[in-house]
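Written below as structure tokens is the structure these notes are about.
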Amino acid sequence: MSHLLTWSNHCLFVYFLATNTVSLMLLVISLLSSSRYRARAGVMKLDQVRTSPFTPPITIILPAHNEESTICDSVDAALNLDYPEIRVVAVNDGSIDDTLAKLQDRYQLRPVDLLYVDTLHTAPLRGIYVSPVEPRLVVIDKVAGGSKAGAINAGLNAVTTPYVCVVDADSILERDALLRIMWAIDSEAKNVVAIGGIVRVLNGSILQNGRLREVRLPRRPIEIIQVVEYLRAFLIGREGWGALNSLLIISGAFGVFRTDVLRNIGGFRANAIGEDFDLVVRIHRYMREQGEDYRVAFISDPTCWTQVPSDFKSLARQRARWHKGLLDALLPNRDMLFRSRYGRVGLLMLVYIWIFELMAPVVELIGYTTIIAAAVLGLLDAQFFIAFLIFGYAFGTFISIGAVLLEEFSYKRYSAWGDVAKLVLFCFFEHFPYRQLTLIWALQGILQHFRGDNSWGEIKRTSLASSSSPGIEGIDLEDTV
Amino acid sequence: MAYGFRASLKAVPAEFVLHAIVASLSSILLIVSFILLRRWARSRYFRRRDMRVGALRERWGEILEGTYTAKQWSSDPVDREIIENMLLDSTAAAEGEELAQLQEQLCQSGAIQRLMKETHKARGSRRKAAILALGASRIPEAIPVLAECLDSAHAGVRMAAVRGLGRIAVPQAGLPILERLSSGSLRVARVPLQNALLSCCRTDPSLLIPYLRAGDAVRHQVSRVLAELAGPELSEELRDLASDPHPEVRACAARGLARCDIQFSAPILSELRKDEVWFVRLRAVVALGEFDSNVVQEPLILSLRDTNRMVRQCAASGLVKQSRGLKSTLRRVLEQQDIYGFQAMVSALQSLHRYEPLVRSLRKSAYSHSDLLLLEALEEGRHALMVSAKKEQAEEVVTA
């Protein structure tokens, strides 16, 4: 028993060191990569993308399920984007609230019978609508298919442009986000098949007419800690892996894809829970199998602002779903593991995600149990145990503050001194007790997956305007996707 | 392995962890201090800079006339940076005398010489910024310097040089790009290259013509630019491109022909709409649809029977956008007895908001047999589309 505990603790020590070494490495790579990007962005001429006849048109797909409070703001924001040729396809995925009615009212929608071929099979359509006041908008009304992936596929069937941008209906893009994305695609010598931008927390900021007027930190601690978490995930994780050309995740809230590639891989997997991760893995698989030179990229300043859960119940459901989605995407693609055919995706990234992302909550749980057991049995020096915990906490906090540094160094969206002070302060809570909570939620997600519970769960939503304007309470909606 | 762990744990734990804690806490302290100091320094710098920008804007006239001489303002590094940026920004839109005035100030301040030096000597992003700034100055002397950078081994430098030459926007600046492109020595991303050629050759698209005899990849890039610039004066070249063996080039020719005289373009586009490659047919049909004339109706009606759905849809949109003879067009489409084509027409009528007015007008005047037939067909076509949208594959609906 004592041997087993000691051996287990040794393994955990190595695991812990490996995780932190990777985090440190990613922080350094991200600092270098973002400073390079900043230098490039300094000479970026967006006007050239705006006026060039070679800039391809883009269709924005907005899947919406019970989004009556946010849908009009999101469609307005999409239509007001600064880009030469935009089409917007909003998909009402069997909402039981007034999502469709709000759209009908706002855009004077009229039912039409357009040629629509169900190339990517989805739940049946109930109707297609166009707007006489906004010719760039098409609204597809379909029976609820039980997943966001099905709704995106329905939108994809109506796309005729070479690029497609998928945006969550509770998110808004910054006005020049697509210009920046296209500038990055155009400047890349390799064939960019998918590209993601940074997703930031909208809660607390001030929104006006579908546009962000002022960036502010939210008030609730649960929202602020998610700001730190998003900064770390995007500015260190995505930036770092993107620089190594090993990106496996493009956020479902904001991603641009080549339409033909999406169609060739059969669109989003209809029953996928983590449809964004699943899609990118399948894109890698397809492109590698075709033997094509390609790139899945991340660019850190076209920003998408999204609403994050503002209560523990919704956050717990979201995090359980994310982990369930991770497992749901990794299992069908396990044949890519350790296969040289899939390059660094199969040999490095998927292995990393299996060990350090998917298994992390399990390993951590085992770790806490065995360390406590070893301490109780007197197999572990109490002083060492406490020192080890302090080191883990301090190192994790250092990485989180590193994300705030990156934000300050490169993008500086939070201009108020108070906001930065709060961000730094909340970095100290990210690794205790927030991390332990996310660990429990992730474990719940794993259990739900093995129980066969693949529902999305309910997330409380408020209108974008009210969630973003401090001091105004929005209408709570139960969002069951 | 277990021995290794045990040994490492004996050696490592206390000391290592203690050092690690100290290192982590010191790093946290350092980062926080750095963030605070940087914020303070930046806010001070930008406050000062903003004040200077305001003050220098007020003296803009004097700067341009040279009464506030370059020698005076270039002695202060902050003023120099601000004014040089203002001058470079202004050159982008300036022409004639104003441009000469701006360029003279840049030369007198020593900015051009410095940029030229940095183009050769500097490294990394500083070198690229210098190349782009030199291009933004639009000084003809910059062309050979930037042309040299096209031969750099570094992809970023080549890209900056292409962009820089594009900013100069004169035909002479396009020549080094075209020469290297045709010799195969220039490898940069497609779109920035085409943008640069577009701005350089805008005043003289004929500059591109000799390069249309190059290899497939070059011919495609050059013809794509030509398609955006060509007018009736280059219609003969476009005719030649329309019979090019490379489909991308034929598609570009179709694109360019939309800007030529209809009597010249229509027969060529009518041929291209029968091309074996779908995207060439698509481009030809889009180009035909851009003309508002009876001449294009027949080829567009024939394209409604195309095997490709996108081509059918574009042909239908082109027909619906025609200002005259919508009813007679629809009758002609009905005569074709092709349900795919008719569905495409109904779909285009709906999306362009012409379905309801047409049905209303037919209902009002449905005295003739042909009008009644058309009305029925439209209702049926709409119904078929409705069924297809509500689930079944379009093909199944058609066979039913």
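A note on labels: chains of the structure tokens are A, B, ... as shown, every chain counts residues from 1, and ligands are counted from 1 in their shown order.
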
Using only C-alpha atoms, find each residue of segment 173-274 of chain B with at least one atom at most 12 Å away from an atom of segment 130-145 of chain B; report its shortest atom-to-atom pair and that distance in Å (one decimal), sort the rows by chain and rising residue number, and return the result as a Markdown table.
| residue | atom | partner | partner_atom | distance |
| --- | --- | --- | --- | --- |
| B:Ala173 | CA | B:Ile143 | CA | 5.8 |
| B:Gly174 | CA | B:Ile143 | CA | 9.2 |
| B:Leu175 | CA | B:Ile143 | CA | 9.6 |
| B:Pro176 | CA | B:Pro144 | CA | 8.3 |
| B:Ile177 | CA | B:Ile143 | CA | 10.5 |
| B:Ala196 | CA | B:Gly135 | CA | 11.0 |
| B:Cys200 | CA | B:Arg138 | CA | 11.3 |

Kindly provide the residues of chain A that approach chain B to within 7 Å, each paired with its closest atom pair and their distance in Å to one decimal, based on only C-alpha atoms, listed by chain and increasing number, as a Markdown table.
| residue | atom | partner | partner_atom | distance |
| --- | --- | --- | --- | --- |
| A:Trp7 | CA | B:Ala2 | CA | 6.9 |
| A:His10 | CA | B:Phe5 | CA | 6.0 |
| A:Ala39 | CA | B:Ser125 | CA | 6.0 |
| A:Val43 | CA | B:Ala129 | CA | 6.6 |
| A:Ser52 | CA | B:Asn195 | CA | 6.8 |
| A:Phe54 | CA | B:Val191 | CA | 6.6 |
| A:Val112 | CA | B:Gln350 | CA | 5.9 |
| A:Asp113 | CA | B:Met386 | CA | 5.2 |
| A:Leu114 | CA | B:Ser347 | CA | 4.5 |
| A:Leu115 | CA | B:Ser347 | CA | 5.5 |
| A:Tyr116 | CA | B:Ala389 | CA | 5.4 |
| A:Val117 | CA | B:Ala394 | CA | 5.9 |
| A:Asp118 | CA | B:Gln393 | CA | 6.0 |
| A:Pro124 | CA | B:Lys391 | CA | 5.0 |
| A:Leu125 | CA | B:Lys390 | CA | 4.6 |
| A:Arg126 | CA | B:Lys390 | CA | 6.0 |
| A:Gly127 | CA | B:Lys390 | CA | 6.9 |
| A:Val130 | CA | B:Ser351 | CA | 6.9 |
| A:Asp186 | CA | B:Val191 | CA | 5.6 |
| A:Ser187 | CA | B:Ala189 | CA | 5.9 |
| A:Glu188 | CA | B:Ala189 | CA | 6.0 |
| A:Ala189 | CA | B:Ala189 | CA | 4.5 |
| A:Phe384 | CA | B:Ala14 | CA | 6.1 |
| A:Ala387 | CA | B:Val17 | CA | 6.5 |
| A:Phe388 | CA | B:Val17 | CA | 6.2 |
| A:Ile390 | CA | B:Ile21 | CA | 6.9 |
| A:Phe391 | CA | B:Ile21 | CA | 4.8 |
| A:Ala394 | CA | B:Ser24 | CA | 5.7 |
| A:Phe395 | CA | B:Ser24 | CA | 5.4 |
| A:Phe398 | CA | B:Ile28 | CA | 5.3 |
| A:Ile401 | CA | B:Ile28 | CA | 7.0 |
| A:Leu405 | CA | B:Ile35 | CA | 6.4 |
| A:Glu408 | CA | B:Ile35 | CA | 6.9 |

*Provide the atom CA of Ala253 of chain B to atom CA of Val222 of chain B distance in Å, to one decimal place.*
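So the two atoms, atom CA of Ala253 of chain B and atom CA of Val222 of chain B, lie 11.0 Å apart.
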
*Any idea what the distance is between atom CA of Gly54 of chain B and atom CA of Ile168 of chain B?*
28.6 Å

*Quick one: DSSP alpha helix (DSSP H) residues in segment 335-422 of chain A, as a PyMOL selection string?*
chain A and resi 343-344+350-352+360-376+382-406+417-422

*asked:* Please list as a PyMOL selection string every residue within 6 Å of segment 436-446 of chain A, counting only C-alpha atoms and excluding residues in the same chain fewer than 2 positions away.
replied: chain A and resi 316+319-321+323-324+361+433-434+448-449

Output N, CA and C atoms for every residue in that selection, as an mmCIF file, in the first residue's frame.
data_model
loop_
_atom_site.group_PDB
_atom_site.id
_atom_site.type_symbol
_atom_site.label_atom_id
_atom_site.label_comp_id
_atom_site.auth_asym_id
_atom_site.auth_seq_id
_atom_site.Cartn_x
_atom_site.Cartn_y
_atom_site.Cartn_z
ATOM 1 N N ALA A 316 -21.630 25.619 -13.921
ATOM 2 C CA ALA A 316 -21.373 24.192 -13.701
ATOM 3 C C ALA A 316 -21.860 23.383 -14.894
ATOM 4 N N ARG A 319 -19.495 23.967 -17.920
ATOM 5 C CA ARG A 319 -18.202 23.311 -17.814
ATOM 6 C C ARG A 319 -18.330 21.790 -17.927
ATOM 7 N N ALA A 320 -19.417 21.253 -17.367
ATOM 8 C CA ALA A 320 -19.648 19.811 -17.502
ATOM 9 C C ALA A 320 -19.846 19.479 -18.980
ATOM 10 N N ARG A 321 -20.574 20.358 -19.673
ATOM 11 C CA ARG A 321 -20.823 20.114 -21.099
ATOM 12 C C ARG A 321 -19.520 20.203 -21.889
ATOM 13 N N HIS A 323 -16.526 19.508 -20.931
ATOM 14 C CA HIS A 323 -15.682 18.330 -20.732
ATOM 15 C C HIS A 323 -16.301 17.106 -21.390
ATOM 16 N N LYS A 324 -17.622 17.052 -21.314
ATOM 17 C CA LYS A 324 -18.346 15.970 -21.990
ATOM 18 C C LYS A 324 -18.080 16.057 -23.501
ATOM 19 N N PRO A 361 -8.777 16.277 -14.703
ATOM 20 C CA PRO A 361 -9.600 16.201 -13.483
ATOM 21 C C PRO A 361 -9.472 14.863 -12.762
ATOM 22 N N PRO A 433 -10.039 28.910 -4.947
ATOM 23 C CA PRO A 433 -10.724 27.625 -5.029
ATOM 24 C C PRO A 433 -11.380 27.322 -6.385
ATOM 25 N N TYR A 434 -11.241 28.284 -7.375
ATOM 26 C CA TYR A 434 -11.991 28.124 -8.634
ATOM 27 C C TYR A 434 -11.601 26.842 -9.379
ATOM 28 N N GLN A 448 -21.482 12.131 -16.796
ATOM 29 C CA GLN A 448 -22.674 12.285 -17.648
ATOM 30 C C GLN A 448 -22.467 11.587 -18.982
ATOM 31 N N HIS A 449 -21.260 11.708 -19.538
ATOM 32 C CA HIS A 449 -20.991 11.074 -20.834
ATOM 33 C C HIS A 449 -21.162 9.561 -20.720
#

With only C-alpha atoms as the counted atoms, please give the residues lying no more than 6 Å from segment 90-98 of chain A, apart from itself and same-chain residues fewer than 2 positions off, as a PDB file with C-alpha atoms, in the first residue's frame.
ATOM      1  CA  ILE A  61     -24.176  31.763 -39.606  1.00  0.00           C
ATOM      2  CA  LEU A  62     -25.954  32.551 -36.345  1.00  0.00           C
ATOM      3  CA  PRO A  63     -27.491  29.435 -34.797  1.00  0.00           C
ATOM      4  CA  ALA A  64     -30.127  30.410 -32.235  1.00  0.00           C
ATOM      5  CA  HIS A  65     -32.158  28.376 -29.800  1.00  0.00           C
ATOM      6  CA  ASN A  66     -34.348  30.351 -27.413  1.00  0.00           C
ATOM      7  CA  GLU A  68     -35.186  36.028 -27.980  1.00  0.00           C
ATOM      8  CA  LEU A 100     -38.445  34.008 -34.648  1.00  0.00           C
ATOM      9  CA  ALA A 101     -41.161  36.532 -33.774  1.00  0.00           C
ATOM     10  CA  LYS A 102     -38.536  39.052 -32.667  1.00  0.00           C
ATOM     11  CA  VAL A 139     -33.648  33.353 -41.669  1.00  0.00           C
ATOM     12  CA  ILE A 140     -34.069  29.598 -41.591  1.00  0.00           C
ATOM     13  CA  ASP A 141     -36.638  28.211 -39.209  1.00  0.00           C
ATOM     14  CA  LYS A 142     -36.159  24.530 -38.404  1.00  0.00           C
ATOM     15  CA  VAL A 143     -37.400  21.883 -36.064  1.00  0.00           C
ATOM     16  CA  ALA A 144     -35.138  21.563 -33.003  1.00  0.00           C
ATOM     17  CA  ALA A 151     -28.481  24.282 -36.739  1.00  0.00           C
TER      18      ALA A 151
END

*Just list the residues in segment 117-222 of chain A DSSP gives strand (DSSP E) on the backbone, as a PyMOL selection string.*
chain A and resi 125-130+137-142+163-167+171-173+191-201+206-208+211-214

Residues just named, written with N, CA and C atoms as a JSON list (two decimals), in the first residue's frame:
[["chain", "number", "residue", "atom", "x", "y", "z"],
["A", 125, "LEU", "N", -36.96, 21.53, -42.06],
["A", 125, "LEU", "CA", -37.16, 22.98, -42.00],
["A", 125, "LEU", "C", -38.65, 23.28, -41.84],
["A", 126, "ARG", "N", -38.92, 24.42, -41.16],
["A", 126, "ARG", "CA", -40.32, 24.86, -41.07],
["A", 126, "ARG", "C", -40.56, 26.01, -42.03],
["A", 127, "GLY", "N", -39.50, 26.68, -42.42],
["A", 127, "GLY", "CA", -39.66, 27.77, -43.37],
["A", 127, "GLY", "C", -38.39, 28.56, -43.56],
["A", 128, "ILE", "N", -38.38, 29.32, -44.67],
["A", 128, "ILE", "CA", -37.25, 30.21, -44.94],
["A", 128, "ILE", "C", -37.81, 31.62, -45.10],
["A", 129, "TYR", "N", -37.12, 32.60, -44.55],
["A", 129, "TYR", "CA", -37.61, 33.97, -44.58],
["A", 129, "TYR", "C", -36.54, 34.90, -45.12],
["A", 130, "VAL", "N", -37.00, 35.91, -45.87],
["A", 130, "VAL", "CA", -36.07, 36.97, -46.26],
["A", 130, "VAL", "C", -36.66, 38.30, -45.83],
["A", 137, "LEU", "N", -29.98, 39.40, -45.33],
["A", 137, "LEU", "CA", -30.37, 38.48, -44.26],
["A", 137, "LEU", "C", -31.30, 37.39, -44.75],
["A", 138, "VAL", "N", -31.00, 36.15, -44.38],
["A", 138, "VAL", "CA", -31.90, 35.01, -44.60],
["A", 138, "VAL", "C", -32.13, 34.35, -43.25],
["A", 139, "VAL", "N", -33.37, 34.04, -42.93],
["A", 139, "VAL", "CA", -33.65, 33.35, -41.67],
["A", 139, "VAL", "C", -34.21, 31.98, -41.99],
["A", 140, "ILE", "N", -33.59, 30.97, -41.40],
["A", 140, "ILE", "CA", -34.07, 29.60, -41.59],
["A", 140, "ILE", "C", -34.72, 29.16, -40.29],
["A", 141, "ASP", "N", -35.94, 28.69, -40.40],
["A", 141, "ASP", "CA", -36.64, 28.21, -39.21],
["A", 141, "ASP", "C", -36.72, 26.69, -39.31],
["A", 142, "LYS", "N", -36.17, 25.99, -38.33],
["A", 142, "LYS", "CA", -36.16, 24.53, -38.40],
["A", 142, "LYS", "C", -36.65, 23.90, -37.11],
["A", 163, "TYR", "N", -16.19, 31.53, -47.92],
["A", 163, "TYR", "CA", -15.86, 31.45, -46.50],
["A", 163, "TYR", "C", -17.13, 31.57, -45.68],
["A", 164, "VAL", "N", -17.11, 30.91, -44.54],
["A", 164, "VAL", "CA", -18.26, 30.99, -43.66],
["A", 164, "VAL", "C", -17.75, 31.29, -42.25],
["A", 165, "CYS", "N", -18.51, 32.15, -41.56],
["A", 165, "CYS", "CA", -18.13, 32.53, -40.20],
["A", 165, "CYS", "C", -19.25, 32.05, -39.27],
["A", 166, "VAL", "N", -18.88, 31.30, -38.26],
["A", 166, "VAL", "CA", -19.89, 30.81, -37.32],
["A", 166, "VAL", "C", -19.77, 31.62, -36.03],
["A", 167, "VAL", "N", -20.88, 32.23, -35.65],
["A", 167, "VAL", "CA", -20.88, 33.06, -34.43],
["A", 167, "VAL", "C", -22.06, 32.64, -33.57],
["A", 171, "SER", "N", -23.36, 36.24, -28.87],
["A", 171, "SER", "CA", -22.04, 36.89, -28.96],
["A", 171, "SER", "C", -22.09, 37.98, -30.02],
["A", 172, "ILE", "N", -21.21, 38.95, -29.87],
["A", 172, "ILE", "CA", -21.11, 39.95, -30.95],
["A", 172, "ILE", "C", -19.65, 40.13, -31.36],
["A", 173, "LEU", "N", -19.49, 40.34, -32.66],
["A", 173, "LEU", "CA", -18.14, 40.54, -33.18],
["A", 173, "LEU", "C", -17.80, 42.02, -33.17],
["A", 191, "ASN", "N", -2.36, 27.55, -47.17],
["A", 191, "ASN", "CA", -3.79, 27.55, -47.35],
["A", 191, "ASN", "C", -4.48, 27.51, -45.98],
["A", 192, "VAL", "N", -5.05, 28.64, -45.56],
["A", 192, "VAL", "CA", -5.71, 28.69, -44.25],
["A", 192, "VAL", "C", -7.13, 28.14, -44.40],
["A", 193, "VAL", "N", -7.41, 27.02, -43.77],
["A", 193, "VAL", "CA", -8.73, 26.41, -43.93],
["A", 193, "VAL", "C", -9.66, 26.76, -42.78],
["A", 194, "ALA", "N", -9.09, 27.13, -41.66],
["A", 194, "ALA", "CA", -9.91, 27.52, -40.52],
["A", 194, "ALA", "C", -9.11, 28.50, -39.68],
["A", 195, "ILE", "N", -9.81, 29.48, -39.15],
["A", 195, "ILE", "CA", -9.11, 30.48, -38.34],
["A", 195, "ILE", "C", -10.05, 30.96, -37.24],
["A", 196, "GLY", "N", -9.50, 31.12, -36.07],
["A", 196, "GLY", "CA", -10.32, 31.57, -34.95],
["A", 196, "GLY", "C", -9.79, 32.86, -34.39],
["A", 197, "GLY", "N", -10.67, 33.63, -33.80],
["A", 197, "GLY", "CA", -10.27, 34.86, -33.14],
["A", 197, "GLY", "C", -10.45, 34.71, -31.65],
["A", 198, "ILE", "N", -10.07, 35.72, -30.93],
["A", 198, "ILE", "CA", -10.18, 35.64, -29.47],
["A", 198, "ILE", "C", -11.63, 35.88, -29.02],
["A", 199, "VAL", "N", -12.03, 35.15, -28.01],
["A", 199, "VAL", "CA", -13.36, 35.35, -27.43],
["A", 199, "VAL", "C", -13.16, 35.99, -26.06],
["A", 200, "ARG", "N", -13.81, 37.11, -25.84],
["A", 200, "ARG", "CA", -13.68, 37.82, -24.56],
["A", 200, "ARG", "C", -15.04, 37.92, -23.88],
["A", 201, "VAL", "N", -14.99, 38.25, -22.61],
["A", 201, "VAL", "CA", -16.22, 38.27, -21.82],
["A", 201, "VAL", "C", -16.94, 39.61, -21.99],
["A", 206, "ILE", "N", -20.22, 48.00, -21.94],
["A", 206, "ILE", "CA", -21.40, 48.77, -22.35],
["A", 206, "ILE", "C", -21.61, 48.62, -23.85],
["A", 207, "LEU", "N", -22.84, 48.22, -24.17],
["A", 207, "LEU", "CA", -23.20, 47.93, -25.56],
["A", 207, "LEU", "C", -24.24, 48.95, -26.02],
["A", 208, "GLN", "N", -24.10, 49.42, -27.24],
["A", 208, "GLN", "CA", -25.09, 50.35, -27.77],
["A", 208, "GLN", "C", -25.35, 50.03, -29.24],
["A", 211, "ARG", "N", -23.29, 47.50, -30.83],
["A", 211, "ARG", "CA", -21.85, 47.77, -30.87],
["A", 211, "ARG", "C", -21.33, 47.98, -29.46],
["A", 212, "LEU", "N", -20.11, 47.59, -29.27],
["A", 212, "LEU", "CA", -19.50, 47.74, -27.96],
["A", 212, "LEU", "C", -19.01, 49.17, -27.80],
["A", 213, "ARG", "N", -19.55, 49.86, -26.76],
["A", 213, "ARG", "CA", -19.16, 51.26, -26.58],
["A", 213, "ARG", "C", -17.98, 51.38, -25.63],
["A", 214, "GLU", "N", -18.02, 50.57, -24.57],
["A", 214, "GLU", "CA", -16.94, 50.67, -23.58],
["A", 214, "GLU", "C", -16.66, 49.31, -22.96]]

*Extract, using only C-alpha atoms, all DNA, RNA and protein residues at most 12 Å from Lys71 of chain B, discarding same-chain residues fewer than 3 positions from it, and format them as number ranges by chain.*
B: 63, 66-68, 74-77, 79-80, 105-111

*Quick one: pull the distance between atom CA of Ile83 of chain B and atom CA of Arg57 of chain B, Å, one decimal.*
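Between atom CA of Ile83 of chain B and atom CA of Arg57 of chain B the gap works out to 8.9 Å.
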
*Among listed residues B:Val285, B:Val359, B:Met51, B:Ile268, nearest Leu304 of chain B (using only C-alpha atoms)*: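 Closest residue, counting only C-alpha atoms: B:Val285.
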
Give one line per residue of segment 10-29 of chain A that approaches segment 342-360 of chain A to at most 12 Å, naming the two atoms of the closest pair and their distance in Å to one decimal, counting only C-alpha atoms; sort by chain then ascending residue number and deliver it as CSV.
residue,atom,partner,partner_atom,distance
A:Leu12,CA,A:Ala360,CA,10.7
A:Tyr15,CA,A:Phe356,CA,8.5
A:Phe16,CA,A:Phe356,CA,9.5
A:Leu17,CA,A:Phe356,CA,11.5
A:Ala18,CA,A:Phe356,CA,9.0
A:Thr19,CA,A:Phe356,CA,6.8
A:Asn20,CA,A:Phe356,CA,10.3
A:Thr21,CA,A:Phe356,CA,11.8
A:Val22,CA,A:Tyr352,CA,9.7
A:Ser23,CA,A:Phe356,CA,10.7

Keeping only N, CA, C and O atoms, write the selected residues to a file as a short mmCIF file (atom, residue, chain, number, x, y, z; two decimals), in the first residue's frame.
data_model
loop_
_atom_site.label_atom_id
_atom_site.label_comp_id
_atom_site.auth_asym_id
_atom_site.auth_seq_id
_atom_site.Cartn_x
_atom_site.Cartn_y
_atom_site.Cartn_z
N LEU A 12 2.46 11.66 -9.91
CA LEU A 12 1.73 12.94 -9.89
C LEU A 12 2.71 14.12 -9.92
O LEU A 12 2.43 15.14 -10.56
N TYR A 15 3.80 14.46 -13.44
CA TYR A 15 2.66 14.98 -14.22
C TYR A 15 2.52 16.48 -14.00
O TYR A 15 2.38 17.27 -14.94
N PHE A 16 2.61 16.85 -12.72
CA PHE A 16 2.46 18.25 -12.34
C PHE A 16 3.58 19.09 -12.96
O PHE A 16 3.34 20.17 -13.52
N LEU A 17 4.81 18.57 -12.89
CA LEU A 17 5.93 19.30 -13.48
C LEU A 17 5.77 19.45 -14.99
O LEU A 17 6.02 20.51 -15.55
N ALA A 18 5.32 18.35 -15.61
CA ALA A 18 5.14 18.37 -17.07
C ALA A 18 4.08 19.40 -17.46
O ALA A 18 4.28 20.20 -18.39
N THR A 19 2.95 19.42 -16.75
CA THR A 19 1.87 20.38 -17.06
C THR A 19 2.42 21.80 -16.95
O THR A 19 2.18 22.64 -17.83
N ASN A 20 3.12 22.06 -15.85
CA ASN A 20 3.59 23.42 -15.63
C ASN A 20 4.68 23.81 -16.62
O ASN A 20 4.76 24.98 -17.03
N THR A 21 5.49 22.84 -17.01
CA THR A 21 6.52 23.15 -18.01
C THR A 21 5.86 23.53 -19.33
O THR A 21 6.27 24.50 -19.98
N VAL A 22 4.82 22.78 -19.71
CA VAL A 22 4.13 23.10 -20.96
C VAL A 22 3.50 24.49 -20.85
O VAL A 22 3.59 25.31 -21.78
N SER A 23 2.89 24.79 -19.69
CA SER A 23 2.26 26.12 -19.52
C SER A 23 3.30 27.23 -19.65
O SER A 23 3.05 28.24 -20.31
#

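Using only C-alpha atoms for every distance, the candidate list A:His121, A:Arg110, A:Lys148, A:Arg180 yields A:Arg180 as the residue closest to Arg40 of chain A.
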
*Can you list, as a PyMOL selection string, every protein, DNA or RNA residue that comes within 8 Å of segment 77-79 of chain A when you count only C-alpha atoms, leaving out same-chain residues fewer than 3 positions away?*
chain A and resi 60+73-74+86-88+136+172-173+175+209-211

Take the selection from the previous step and output its residues with N, CA and C atoms, as an mmCIF file, in the first residue's frame.
data_model
loop_
_atom_site.group_PDB
_atom_site.id
_atom_site.type_symbol
_atom_site.label_atom_id
_atom_site.label_comp_id
_atom_site.auth_asym_id
_atom_site.auth_seq_id
_atom_site.Cartn_x
_atom_site.Cartn_y
_atom_site.Cartn_z
ATOM 1 N N ILE A 60 -22.193 34.817 -42.543
ATOM 2 C CA ILE A 60 -22.147 34.606 -41.092
ATOM 3 C C ILE A 60 -23.345 33.747 -40.705
ATOM 4 N N ASP A 73 -29.917 41.891 -31.344
ATOM 5 C CA ASP A 73 -28.612 42.556 -31.157
ATOM 6 C C ASP A 73 -27.537 41.840 -31.964
ATOM 7 N N SER A 74 -27.582 40.492 -31.923
ATOM 8 C CA SER A 74 -26.547 39.722 -32.625
ATOM 9 C C SER A 74 -26.653 39.904 -34.130
ATOM 10 N N ILE A 86 -21.105 40.876 -47.012
ATOM 11 C CA ILE A 86 -21.530 39.983 -45.927
ATOM 12 C C ILE A 86 -22.930 39.477 -46.196
ATOM 13 N N ARG A 87 -23.150 38.211 -45.904
ATOM 14 C CA ARG A 87 -24.516 37.685 -45.851
ATOM 15 C C ARG A 87 -24.699 37.093 -44.473
ATOM 16 N N VAL A 88 -25.896 37.172 -43.958
ATOM 17 C CA VAL A 88 -26.156 36.618 -42.624
ATOM 18 C C VAL A 88 -27.259 35.582 -42.727
ATOM 19 N N ARG A 136 -29.515 41.286 -47.182
ATOM 20 C CA ARG A 136 -28.385 40.391 -46.876
ATOM 21 C C ARG A 136 -28.758 39.325 -45.858
ATOM 22 N N ILE A 172 -21.207 38.947 -29.874
ATOM 23 C CA ILE A 172 -21.109 39.954 -30.947
ATOM 24 C C ILE A 172 -19.653 40.134 -31.365
ATOM 25 N N LEU A 173 -19.492 40.345 -32.655
ATOM 26 C CA LEU A 173 -18.138 40.540 -33.183
ATOM 27 C C LEU A 173 -17.796 42.022 -33.171
ATOM 28 N N ARG A 175 -16.397 45.384 -34.822
ATOM 29 C CA ARG A 175 -16.758 45.834 -36.166
ATOM 30 C C ARG A 175 -15.757 45.424 -37.245
ATOM 31 N N ASN A 209 -26.621 49.819 -29.559
ATOM 32 C CA ASN A 209 -27.031 49.481 -30.934
ATOM 33 C C ASN A 209 -26.202 48.356 -31.533
ATOM 34 N N GLY A 210 -26.026 47.305 -30.770
ATOM 35 C CA GLY A 210 -25.281 46.154 -31.275
ATOM 36 C C GLY A 210 -23.781 46.387 -31.374
ATOM 37 N N ARG A 211 -23.292 47.500 -30.831
ATOM 38 C CA ARG A 211 -21.849 47.773 -30.871
ATOM 39 C C ARG A 211 -21.326 47.984 -29.460
#
